[in-house]
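The file work30.txt contains compact mmCIF, C-alpha atoms:
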```txt
# COMPACT_ATOMS: atom_id res chain seq x y z
CA MET E 1 -57.68 0.99 -6.98
CA HIS E 2 -55.20 1.55 -9.77
CA ARG E 3 -54.62 5.17 -8.63
CA ARG E 4 -53.93 4.06 -5.04
CA LEU E 5 -51.49 1.41 -6.29
CA LEU E 6 -49.72 3.99 -8.45
CA LEU E 7 -49.33 6.37 -5.49
CA LEU E 8 -47.89 3.58 -3.38
CA LEU E 9 -45.41 2.54 -6.07
CA LEU E 10 -44.32 6.05 -7.11
CA PRO E 11 -41.75 6.60 -4.28
CA LEU E 12 -40.23 3.22 -5.04
CA VAL E 13 -39.97 4.03 -8.74
CA LEU E 14 -38.39 7.44 -8.02
CA GLY E 15 -35.87 5.89 -5.64
CA ALA E 16 -35.00 3.09 -8.06
CA CYS E 17 -34.47 5.55 -10.91
CA ALA E 18 -32.41 7.98 -8.85
CA GLY E 19 -29.46 9.43 -10.69
CA PRO E 20 -28.33 12.64 -12.40
CA GLY E 21 -31.33 14.66 -13.55
CA THR E 22 -33.86 12.74 -11.44
CA LEU E 23 -35.57 13.01 -8.09
CA GLU E 24 -34.70 10.63 -5.28
CA ARG E 25 -37.23 10.22 -2.48
CA ARG E 26 -35.69 9.59 0.93
CA ALA E 27 -37.25 9.37 4.37
CA GLY E 28 -38.67 12.85 5.04
CA TYR E 29 -37.11 14.66 2.06
CA THR E 30 -36.50 14.51 -1.69
CA VAL E 31 -33.10 14.93 -3.38
CA ASP E 32 -32.98 16.66 -6.77
CA HIS E 33 -30.09 15.34 -8.90
CA THR E 34 -30.66 17.79 -11.76
CA HIS E 35 -27.44 19.73 -11.11
CA GLU E 36 -24.11 17.95 -10.71
CA SER E 37 -20.81 19.72 -10.06
CA PRO E 38 -17.65 18.54 -11.85
CA SER E 39 -15.52 19.90 -8.98
CA HIS E 40 -14.71 16.69 -7.14
CA ASN E 41 -12.37 13.72 -7.22
CA SER E 42 -11.83 10.42 -5.46
CA ARG E 43 -10.99 10.42 -1.76
CA VAL E 44 -8.62 7.51 -2.49
CA ARG E 45 -4.93 8.38 -2.77
CA HIS E 46 -3.26 5.18 -1.57
CA LEU E 47 -3.49 1.46 -2.22
CA VAL E 48 -2.17 -0.52 0.76
CA LEU E 49 -1.22 -4.17 0.31
CA HIS E 50 -1.31 -6.56 3.27
CA TYR E 51 -1.02 -10.28 3.85
CA THR E 52 -3.46 -12.03 6.17
CA ASP E 53 -0.80 -14.06 8.06
CA GLY E 54 -3.30 -16.92 8.13
CA ASP E 55 -5.84 -18.81 6.05
CA GLU E 56 -8.95 -17.52 4.31
CA ALA E 57 -11.44 -18.50 7.00
CA GLU E 58 -9.40 -16.87 9.76
CA ALA E 59 -8.97 -13.72 7.70
CA LEU E 60 -12.67 -13.38 6.90
CA THR E 61 -13.60 -13.94 10.53
CA ALA E 62 -11.20 -11.23 11.72
CA LEU E 63 -11.97 -8.75 8.94
CA THR E 64 -15.74 -8.98 9.37
CA GLY E 65 -15.50 -8.52 13.13
CA PRO E 66 -15.75 -5.32 15.19
CA ARG E 67 -12.09 -4.26 15.28
CA VAL E 68 -10.45 -4.41 11.84
CA SER E 69 -11.55 -4.51 8.20
CA SER E 70 -10.32 -4.10 4.66
CA HIS E 71 -12.00 -3.24 1.40
CA TYR E 72 -10.98 -6.43 -0.41
CA VAL E 73 -9.66 -9.91 0.39
CA LEU E 74 -7.89 -12.00 -2.24
CA PRO E 75 -8.20 -15.75 -1.60
CA ARG E 76 -5.71 -18.26 -2.95
CA GLY E 77 -8.23 -19.93 -5.26
CA PRO E 78 -7.53 -19.94 -9.02
CA GLU E 79 -10.93 -18.70 -10.18
CA GLY E 80 -10.21 -14.96 -9.88
CA ARG E 81 -12.78 -14.37 -7.14
CA VAL E 82 -12.26 -11.59 -4.60
CA TYR E 83 -14.27 -10.65 -1.53
CA GLN E 84 -15.36 -7.04 -1.11
CA LEU E 85 -16.00 -6.37 2.58
CA VAL E 86 -16.28 -2.56 2.58
CA GLU E 87 -17.50 -0.15 -0.09
CA GLU E 88 -14.70 1.89 -1.63
CA THR E 89 -16.42 5.12 -0.59
CA ARG E 90 -16.21 4.04 3.05
CA ARG E 91 -13.22 4.07 5.39
CA ALA E 92 -11.95 0.58 6.29
CA TRP E 93 -9.86 -0.01 9.41
CA HIS E 94 -6.77 -1.65 7.96
CA ALA E 95 -3.82 0.75 8.24
CA GLY E 96 -3.81 1.60 11.95
CA ALA E 97 -1.20 4.08 13.20
CA SER E 98 0.56 4.91 9.94
CA ARG E 99 2.27 7.63 7.93
CA TRP E 100 3.24 8.18 4.30
CA ARG E 101 4.50 11.41 2.74
CA GLY E 102 3.30 13.47 5.67
CA SER E 103 -0.17 11.95 5.84
CA ALA E 104 -0.93 10.38 9.23
CA ASP E 105 -4.45 9.12 8.49
CA ILE E 106 -3.95 6.57 5.76
CA ASN E 107 -7.27 4.85 6.50
CA ALA E 108 -9.05 8.00 5.34
CA THR E 109 -7.31 8.10 1.96
CA SER E 110 -6.71 4.48 1.06
CA ILE E 111 -8.12 1.19 -0.13
CA GLY E 112 -6.90 -1.78 1.87
CA LEU E 113 -6.28 -5.04 0.06
CA GLU E 114 -5.65 -8.18 2.12
CA ILE E 115 -3.94 -11.08 0.33
CA VAL E 116 -4.50 -14.51 1.83
CA ASN E 117 -0.98 -15.66 2.63
CA ALA E 118 0.51 -17.46 5.63
CA GLY E 119 3.49 -15.09 5.88
CA PRO E 120 6.49 -16.40 7.85
CA ASP E 121 6.67 -19.97 9.14
CA LEU E 122 7.35 -18.75 12.69
CA SER E 123 5.49 -16.86 15.38
CA ALA E 124 5.58 -13.07 15.38
CA ALA E 125 7.81 -13.08 18.47
CA GLU E 126 10.28 -15.50 16.88
CA VAL E 127 10.37 -13.48 13.65
CA GLU E 128 11.11 -10.31 15.62
CA ARG E 129 13.88 -12.10 17.54
CA LEU E 130 15.55 -13.32 14.36
CA LEU E 131 15.26 -9.93 12.68
CA ALA E 132 16.80 -8.23 15.71
CA ALA E 133 19.62 -10.78 15.69
CA ASP E 134 20.32 -10.21 11.96
CA GLU E 135 19.28 -13.80 11.28
CA ALA E 136 16.53 -13.11 8.76
CA SER E 137 17.81 -15.91 6.53
CA GLU E 138 16.36 -18.37 9.05
CA ILE E 139 12.81 -17.26 8.21
CA ALA E 140 10.84 -19.06 5.47
CA TRP E 141 8.04 -17.08 3.81
CA ALA E 142 4.95 -18.42 2.06
CA PRO E 143 4.91 -17.78 -1.71
CA TYR E 144 2.22 -15.97 -3.67
CA PRO E 145 0.69 -18.34 -6.29
CA ASP E 146 0.59 -17.15 -9.88
CA ALA E 147 -3.22 -17.39 -10.14
CA GLN E 148 -3.66 -15.26 -7.03
CA PHE E 149 -1.10 -12.78 -8.29
CA ASP E 150 -2.88 -12.49 -11.65
CA THR E 151 -6.10 -11.64 -9.81
CA LEU E 152 -4.22 -9.06 -7.77
CA ILE E 153 -2.93 -7.42 -10.95
CA ALA E 154 -6.45 -7.19 -12.35
CA LEU E 155 -7.94 -5.77 -9.16
CA ALA E 156 -5.12 -3.36 -8.37
CA GLY E 157 -5.00 -2.13 -11.96
CA ASP E 158 -8.72 -1.42 -11.90
CA LEU E 159 -8.51 0.45 -8.57
CA ILE E 160 -5.54 2.53 -9.71
CA ALA E 161 -7.25 3.49 -12.97
CA ARG E 162 -10.56 4.43 -11.36
CA HIS E 163 -9.06 6.42 -8.48
CA GLY E 164 -5.97 7.87 -10.17
CA ILE E 165 -3.55 6.40 -7.61
CA ALA E 166 0.07 7.41 -8.24
CA PRO E 167 2.68 4.61 -8.52
CA THR E 168 4.50 5.89 -5.43
CA ASN E 169 1.27 5.60 -3.41
CA VAL E 170 1.00 1.85 -4.00
CA VAL E 171 2.49 0.86 -0.66
CA ALA E 172 3.06 -2.05 1.66
CA HIS E 173 1.64 -2.11 5.16
CA SER E 174 5.28 -2.25 6.24
CA ASP E 175 5.95 1.01 4.36
CA ILE E 176 3.35 2.99 6.26
CA ALA E 177 3.91 1.31 9.65
CA PRO E 178 7.51 0.01 9.56
CA SER E 179 7.95 -0.26 13.32
CA ARG E 180 4.82 -2.42 13.66
CA LYS E 181 4.30 -4.37 10.45
CA ILE E 182 6.27 -6.50 8.00
CA ASP E 183 3.56 -7.47 5.50
CA PRO E 184 3.28 -8.37 2.69
CA GLY E 185 6.84 -9.55 3.37
CA PRO E 186 9.97 -10.17 1.28
CA ALA E 187 8.36 -12.98 -0.73
CA PHE E 188 5.92 -10.57 -2.35
CA PRO E 189 6.98 -10.00 -6.02
CA TRP E 190 7.03 -6.20 -6.19
CA GLN E 191 9.13 -6.14 -9.36
CA ARG E 192 6.61 -8.35 -11.17
CA LEU E 193 3.86 -6.03 -10.01
CA HIS E 194 5.73 -3.06 -11.47
CA GLU E 195 6.26 -4.92 -14.74
CA ALA E 196 2.48 -5.31 -14.88
CA GLY E 197 2.17 -1.52 -14.67
CA ILE E 198 1.55 -1.22 -10.92
CA GLY E 199 3.81 0.51 -8.41
CA PRO E 200 7.36 1.91 -8.64
CA TRP E 201 10.69 0.27 -9.43
CA PRO E 202 14.13 1.80 -10.04
CA ARG E 203 15.87 1.77 -13.40
CA HIS E 204 18.78 -0.68 -13.43
CA ALA E 205 21.19 1.73 -15.13
CA THR E 206 20.47 4.48 -12.60
CA VAL E 207 21.04 2.08 -9.71
CA ALA E 208 24.38 1.10 -11.26
CA ARG E 209 25.51 4.73 -11.53
CA TRP E 210 24.65 5.51 -7.91
CA ARG E 211 26.17 2.19 -6.77
CA ALA E 212 29.49 3.12 -8.37
CA ARG E 213 29.42 6.51 -6.68
CA PHE E 214 28.47 5.18 -3.26
CA ALA E 215 31.08 2.42 -3.44
CA VAL E 216 33.65 5.21 -3.21
CA ALA E 217 31.78 7.67 -0.97
CA PRO E 218 28.58 6.33 0.62
CA PRO E 219 26.07 8.85 1.98
CA SER E 220 26.08 9.77 5.64
CA LEU E 221 23.42 8.12 7.77
CA ALA E 222 21.72 11.49 8.20
CA ASN E 223 21.50 11.93 4.43
CA LEU E 224 20.23 8.38 4.04
CA GLN E 225 17.50 9.25 6.56
CA ARG E 226 16.71 12.42 4.59
CA ALA E 227 16.37 10.38 1.41
CA LEU E 228 14.11 7.81 3.07
CA ALA E 229 11.91 10.63 4.37
CA ALA E 230 11.84 12.20 0.90
CA TRP E 231 10.69 8.87 -0.53
CA GLY E 232 7.75 8.86 1.88
CA TYR E 233 8.66 7.25 5.19
CA GLY E 234 7.83 9.05 8.42
CA LEU E 235 11.42 9.11 9.65
CA ALA E 236 13.26 11.75 11.68
CA VAL E 237 16.81 12.75 10.71
CA THR E 238 18.87 11.82 13.77
CA GLY E 239 22.15 10.67 12.25
CA GLU E 240 21.88 7.56 14.43
CA ALA E 241 21.10 3.92 13.63
CA ASP E 242 18.15 4.00 16.01
CA PRO E 243 15.28 1.45 16.02
CA PRO E 244 12.98 3.56 13.78
CA THR E 245 15.75 3.84 11.18
CA ARG E 246 16.44 0.09 11.27
CA ALA E 247 12.71 -0.58 10.88
CA VAL E 248 12.39 1.76 7.88
CA LEU E 249 15.49 0.31 6.22
CA ARG E 250 14.10 -3.20 6.75
CA ALA E 251 10.77 -2.22 5.17
CA PHE E 252 12.52 -0.58 2.22
CA GLN E 253 14.81 -3.57 1.69
CA MET E 254 11.96 -6.10 1.95
CA ARG E 255 10.38 -4.29 -0.94
CA PHE E 256 13.28 -3.30 -3.18
CA ARG E 257 16.15 -5.60 -2.11
CA PRO E 258 14.55 -8.69 -0.52
CA ALA E 259 17.74 -10.76 -0.71
CA ASP E 260 19.03 -8.88 2.35
CA TYR E 261 16.55 -7.10 4.62
CA ARG E 262 18.50 -6.90 7.87
CA GLY E 263 17.86 -3.16 8.12
CA LEU E 264 21.53 -2.23 7.77
CA ALA E 265 22.64 0.86 5.85
CA ASP E 266 24.80 0.00 2.85
CA ALA E 267 25.76 1.34 -0.56
CA GLU E 268 23.36 -0.97 -2.45
CA THR E 269 20.34 0.19 -0.47
CA ALA E 270 21.37 3.82 -0.94
CA ALA E 271 21.84 3.33 -4.69
CA ILE E 272 18.33 1.85 -5.06
CA LEU E 273 16.84 4.66 -2.99
CA TRP E 274 18.52 7.46 -4.95
CA ALA E 275 17.55 5.77 -8.24
CA LEU E 276 13.91 5.72 -7.11
CA LEU E 277 14.06 9.39 -6.18
CA ALA E 278 15.61 10.21 -9.54
CA ARG E 279 12.83 8.40 -11.39
CA TYR E 280 9.75 9.32 -9.34
CA ARG E 281 10.62 12.30 -7.14
CA PRO E 282 13.44 14.17 -8.92
CA GLU E 283 12.54 17.37 -7.08
CA ALA E 284 13.93 15.77 -3.91
CA LEU E 285 17.39 15.71 -5.47
CA SER E 286 17.36 19.52 -5.68
CA ASP E 287 18.14 19.39 -1.96
CA PRO E 288 21.94 19.91 -1.85
CA ALA E 289 22.22 17.25 0.86
CA LEU E 290 20.73 14.66 -1.49
CA ALA E 291 22.22 15.94 -4.73
CA SER E 292 25.69 15.62 -3.17
CA PRO E 293 25.14 13.28 -0.24
CA GLY E 294 28.79 13.24 0.77
CA PRO E 295 30.87 10.56 2.48
CA LEU E 296 30.24 8.89 5.82
```

Just dump the structure as structure tokens.
Amino acid sequence: MHRRLLLLLLPLVLGACAGPGTLERRAGYTVDHTHESPSHNSRVRHLVLHYTDGDEAEALTALTGPRVSSHYVLPRGPEGRVYQLVEETRRAWHAGASRWRGSADINATSIGLEIVNAGPDLSAAEVERLLAADEASEIAWAPYPDAQFDTLIALAGDLIARHGIAPTNVVAHSDIAPSRKIDPGPAFPWQRLHEAGIGPWPRHATVARWRARFAVAPPSLANLQRALAAWGYGLAVTGEADPPTRAVLRAFQMRFRPADYRGLADAETAAILWALLARYRPEALSDPALASPGPL
């Protein structure tokens, strides 16, 4: 009796103890974990921040349905709780059609983090109308509470440390899909996130130097497009203020100059962009067109 019980329990014990140097019994075969290669790394290269554009219940209903998902959801509660909906090793469906630094499959290389936030106080159609009419100041955006933001810092910091995510790959949904998305919006405190050690931010002195230069001779629109593409946006160099360029400028300004995100090219935006390149991607400034961007 005892022998039969032992034989019945043995596969369960082997499976429960599976790990390096052990045997793991699976259906129809056994996996030997004795040898483990060090030649691997995390599949995760990007951390994508979203807002839910709705309340917690709506977000959880949508993100546990058949069409979209994210790895984590941050509620607004003060207790530091987060929901994990998808294992980090699995691909969540949160980025959609997207591009960053030449990669067009961000879902495959990212962790998606949805922050419960109501977003703008208007419908999506009305927001788009106001943005197109350069009337962004008419839009009110929901704030991000301090307790929620503190939880975000803890979670994002942990993810970045475990997966080795570069600061420049901590991105907004609007960065990777600027023609479709505007989240997490201009109310999101990106500078505070940087000050907590997460994500990029330009040095003030470098911005001031480029601002002084561009006040006299701003870069051409084509060179501004080149610089935006060098930063990471999937943007073609056309030399024209076309809709994709306006969308990318709006996304960039929402993040780094939220006081004015109309998507218009100006010396301040260019100064911030060149200061970011100087700090995080100095190799881009070896391009003569960006090293000496020239006048309009």

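Atom CA of Pro218 of chain E is found 7.7 Å from atom CA of Asp266 of chain E.
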
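Restricting the calculation to only C-alpha atoms, the smallest distance between Phe252 of chain E and any of E:Val207, E:Ala142, E:Ala172, E:Ile165 is found for E:Ala172.
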
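All residues of protein, DNA or RNA that reach within 9 Å of Ile153 of chain E, judged by only C-alpha atoms and not counting those fewer than 5 positions away in the chain, are Gln148, Asp158, Leu193, Ala196, Gly197 and Ile198 of chain E.
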
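Closest approach to Ala124 of chain E among E:Leu249, E:Ile182, E:Ala59, E:Leu221: E:Ile182, based on only C-alpha atoms.
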
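In this comparison, which uses all atoms listed in the file, the residue of E:Leu285, E:Val116, E:Val44, E:Ala166 approaching Ala92 of chain E most closely is E:Val44.
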
Compare E:Gly157, E:Pro120, E:Gly185, E:Pro38 by their minimum atom-to-atom distance to Tyr261 of chain E, counting all atoms listed in the file, and give me the closest one. E:Gly185

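The two atoms in question, atom CA of Phe149 of chain E and atom CA of Ala136 of chain E, are spaced 24.5 Å apart.
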
Pick out the closest residue to Trp190 of chain E from this set: E:Met254, E:Glu58, E:Trp231, E:Ser174. Count only C-alpha atoms. E:Met254

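Comparing E:Gly77, E:Pro293, E:Pro202, E:Pro288 by their smallest distance to Ile115 of chain E, the closest is E:Gly77 (using only C-alpha atoms).
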
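The neighbours of Gly199 of chain E here are the residues that come within 10 Å of it, using only C-alpha atoms and leaving out any residue fewer than 4 positions away in the same chain; they are Leu47, Ala156, Gly157, Ile160, Ile165, Ala166, Pro167, Thr168, Asn169, Val170, Val171, Trp190, Gln191, Arg192, Leu193, His194 and Glu195 of chain E.
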
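The coordinates place atom CA of Glu87 of chain E at 13.1 Å from atom CA of Thr64 of chain E.
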